[in-house]
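Enquirer: Attaching a single structure in structure tokens format; questions to follow.
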Amino acid sequence: MGNVTLEHVTKRYADVTAVDDMNLDIADGEFVTLVGPSGCGKSTTLETMAGLTIPSEGTITIAGEDVTTRPPKDRDIAMVFQNIALFPHMDVHDNMSFGLRLRDFPGEEIDRRVERAAEILQIEDLVDRMPDELSGGQRQRVAIGRAIVREPAVFLMDEPLANLDAKLRVHMRTELQRLHKELDTTIIYVTHDQAEAMTMSDRIAVMNEGHLQQIAPPLVCYDQPANLFVAGFIGSPSMNFVEGRVESGEIATPGFDIAFDPGQVPELVAGDDVTVGVRPEDVYPAENAGELANPTRPIRARTDVLEPMGDQIFVYLVLRGEDASDAEAATTEAASARGADELLMSVEPDSDLAGDEDIEVVLDRRKIHVFDTETGDAVCHDILRSEAMGGEPAGPAGGS
Amino acid sequence: MVSTATWLYFGMGTLLFFFWVYGIWAFARDVRRTYIPGLRGWLARRREKQAEQERESEREEQEKQLY
């Protein structure tokens, strides 16, 4: 059984707290990704699980046993590192079987396991080759094979694809997903790439400054982020944020107002400072408002920069404000000078929008997120009918 | 009367004595200010390097346990 539990795990280095009161409960066979910006503590968390770092406080349980202070070899885990580190003087077979030979496995068993791992990773033809005769992707597969042959309860992976080029990384992502299906073993994966986290994981644990922000399935983190950090980190391009204030029956921002029924959304209290979040794909040109069941009132904006991506165009909009006269809002500079906010909109590639064009846009009110500006916590994710917060809170033990 | 040769003899002797004493004092000062701190620094760096190597080797050993 490869379930992993972290309870109140904290790691301090002199005056720096790398991981602060981390609680995680990972089920057997689950693929969980720790994701966050550089220095957020995700690798340190993984290293505490691996036994490479002993936590300052807290306990780590693997398969029901407290392994907090046990050396790595006694934890029934295997790890794949960012630095592939194959032994240059050993061929692929010897590299893959290194861990087994270290543990005095019989030769026949070693050959059986290496053969099976090579088959899973489709590198049967490479077992006699030396590392310098392999491509980057093949080397990474050998490193993964070295972990597979151990048949551990848990795989730990610390940014294993970070050194590969973009195309190979996408390919290896699917390979890892296939591998997880085939092995059905717990995988704990660390990355700073939110696309990797979104595509491969059963759940993602978003971290920032040593704290767990949210742990939930990828789409829950995307659709119902627990706070401003998760909302901004998950999704590319990032969510639009506009600061505003709750007034009776509407949220007023410098660029637009959003009406809501106070009876339906009791969390929104008049006078509260809030931050409205809306994803680029939930901003529509007003002429497409007919597609939406619940659009906002048209919002006047001026197109600024267009980024054609092939499958879509990102349009940067400068909001002109509802009270701005045409003369005032004649230029994007004037709009910016008034403190107007910006919005990023994603449109179809055949759109005929151009730069410096006055347009009207609408937001999908079902997809508007509201956050408390002061705490950053999510207040609601649907201003038409408030729903329960998604994901599980990053709270104390069990809050996984 | 003391002859010029005597003055010259004692003068030269005093000058030599001054530089002899100055040499000893300067050497003692250099030992205190330069050589001992230098040696201490070298030992500390050596100890630090050894500790770093031990840490790296321990880390490498632990990583090998995870292969």
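Each chain in the structure tokens gets a letter, A, B, ..., in the order shown, and its residues are numbered from 1; ligands are numbered from 1 in order too.
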Please produce, as CSV, a per-residue contact table for chain B versus chain A (criterion: any atom at most 12 Å away, only C-alpha atoms considered), showing the nearest atom pair and its distance in Å to one decimal, sorted by chain then residue number.
Expert:
```
residue,atom,partner,partner_atom,distance
B:Arg55,CA,A:Leu52,CA,11.1
B:Glu56,CA,A:Leu52,CA,11.4
B:Glu58,CA,A:Leu52,CA,9.5
B:Arg59,CA,A:Leu52,CA,7.0
B:Glu60,CA,A:Leu52,CA,9.7
B:Glu61,CA,A:Pro72,CA,9.7
B:Gln62,CA,A:Pro72,CA,6.3
B:Glu63,CA,A:Leu52,CA,7.5
B:Lys64,CA,A:Gly99,CA,7.5
B:Gln65,CA,A:Lys73,CA,5.1
B:Leu66,CA,A:Ala78,CA,4.8
B:Tyr67,CA,A:Gly99,CA,5.4
```
Enquirer: Can you write out the residues you just picked, keeping C-alpha atoms, as an mmCIF file, in the first residue's frame?
Expert:
```
data_model
loop_
_atom_site.group_PDB
_atom_site.id
_atom_site.type_symbol
_atom_site.label_atom_id
_atom_site.label_comp_id
_atom_site.auth_asym_id
_atom_site.auth_seq_id
_atom_site.Cartn_x
_atom_site.Cartn_y
_atom_site.Cartn_z
ATOM 1 C CA ARG B 55 27.546 16.276 3.275
ATOM 2 C CA GLU B 56 27.698 15.870 -0.502
ATOM 3 C CA GLU B 58 26.176 11.534 2.308
ATOM 4 C CA ARG B 59 23.579 13.146 0.041
ATOM 5 C CA GLU B 60 24.926 11.204 -2.943
ATOM 6 C CA GLU B 61 24.801 8.017 -0.911
ATOM 7 C CA GLN B 62 21.209 8.753 0.133
ATOM 8 C CA GLU B 63 20.247 9.524 -3.450
ATOM 9 C CA LYS B 64 21.753 6.221 -4.552
ATOM 10 C CA GLN B 65 19.525 4.516 -2.003
ATOM 11 C CA LEU B 66 16.573 5.975 -3.916
ATOM 12 C CA TYR B 67 17.684 4.658 -7.351
#
```
Enquirer: Do a neighbour search on Thr191 of chain A at 10 Å with only C-alpha atoms, toss out local chain neighbours closer than 4 positions, and write the hits as a ChimeraX atom specification.
Expert: /A:33-38,42-43,82,157-162,195-197
Enquirer: Would you write out those residues with C-alpha atoms, as a PDB file, in the first residue's frame?
Expert:
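Result file follows (selection_27.pdb):
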```pdb
ATOM      1  CA  THR A  33       1.535  16.868  -8.108  1.00  0.00           C
ATOM      2  CA  LEU A  34       3.099  19.510  -5.879  1.00  0.00           C
ATOM      3  CA  VAL A  35       3.142  22.692  -7.917  1.00  0.00           C
ATOM      4  CA  GLY A  36       4.185  26.238  -7.211  1.00  0.00           C
ATOM      5  CA  PRO A  37       6.730  28.896  -8.098  1.00  0.00           C
ATOM      6  CA  SER A  38      10.458  28.455  -7.463  1.00  0.00           C
ATOM      7  CA  LYS A  42       7.677  21.839  -3.005  1.00  0.00           C
ATOM      8  CA  SER A  43      11.063  20.142  -3.487  1.00  0.00           C
ATOM      9  CA  GLN A  82      15.722  16.371 -12.373  1.00  0.00           C
ATOM     10  CA  MET A 157       9.596  12.575  -9.067  1.00  0.00           C
ATOM     11  CA  ASP A 158      11.388  15.892  -8.708  1.00  0.00           C
ATOM     12  CA  GLU A 159      10.897  17.849 -11.949  1.00  0.00           C
ATOM     13  CA  PRO A 160      12.028  14.872 -14.067  1.00  0.00           C
ATOM     14  CA  LEU A 161      11.087  16.569 -17.337  1.00  0.00           C
ATOM     15  CA  ALA A 162      12.594  19.986 -16.616  1.00  0.00           C
ATOM     16  CA  ALA A 195       0.435  22.638 -17.453  1.00  0.00           C
ATOM     17  CA  GLU A 196       2.250  19.452 -16.374  1.00  0.00           C
ATOM     18  CA  ALA A 197       0.359  19.473 -13.100  1.00  0.00           C
TER      19      ALA A 197
END
```
Enquirer: Using only C-alpha atoms, determine which residues lie at most 7 Å from Thr296 of chain A, disregarding the query and same-chain residues fewer than 6 positions distant; provide the list as a PyMOL selection string.
Expert: chain A and resi 258+362-365
Enquirer: Report the distance between atom CA of Asp257 of chain A and atom CA of Pro349 of chain A in Å, rounded to one decimal place.
Expert: 28.7 Å
Enquirer: May I ask which of the residues A:Leu353, A:Leu24, A:Met345, A:Val361 is the closest one to Arg297 of chain A, counting only C-alpha atoms?
Expert: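 Using only C-alpha atoms, Arg297 of chain A sits closest to A:Val361.
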Enquirer: Would you mind reading off the distance between atom CA of Pro131 of chain A and atom CA of Asp91 of chain A, one decimal, in Å?
Expert: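 Result for atom CA of Pro131 of chain A versus atom CA of Asp91 of chain A: 6.5 Å, one decimal.
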Enquirer: List as a list in words the protein and nucleic acid residues near Met130 of chain A, meaning an atom at most 8 Å away when only C-alpha atoms are counted, but skip any in the same chain fewer than 3 places from it.
Expert: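 The contact residues come out as Pro88, His89, Met90, Asp91, Val92, Glu133 and Leu134 of chain A.
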Enquirer: Where does segment 182-222 of chain A meet segment 8-13 of chain A within 12 Å, residue by residue, with the nearest atom pair and distance in Å to one decimal for each, counting only C-alpha atoms, listed by chain and rising number, as JSON lines?
Expert:
```
{"residue": "A:Gly210", "atom": "CA", "partner": "A:Thr10", "partner_atom": "CA", "distance": 8.7}
{"residue": "A:His211", "atom": "CA", "partner": "A:Thr10", "partner_atom": "CA", "distance": 9.7}
{"residue": "A:Leu212", "atom": "CA", "partner": "A:Val9", "partner_atom": "CA", "distance": 11.0}
```
Enquirer: Would you mind listing what lies within 6 Å of Val318 of chain A as a PyMOL selection string, with only C-alpha atoms counted and same-chain residues fewer than 2 positions away left out?
Expert: chain A and resi 301-302+342
Enquirer: Could you pull out all residues of segment 167-390 of chain A with a DSSP call of strand (DSSP E or B) and give them as a ChimeraX atom specification?
Expert: /A:186-191,203-208,211-216,227,240-247,250-252,257-259,273-278,283-285,295,299-308,313-319,342-347,358-364,369-372,377-380
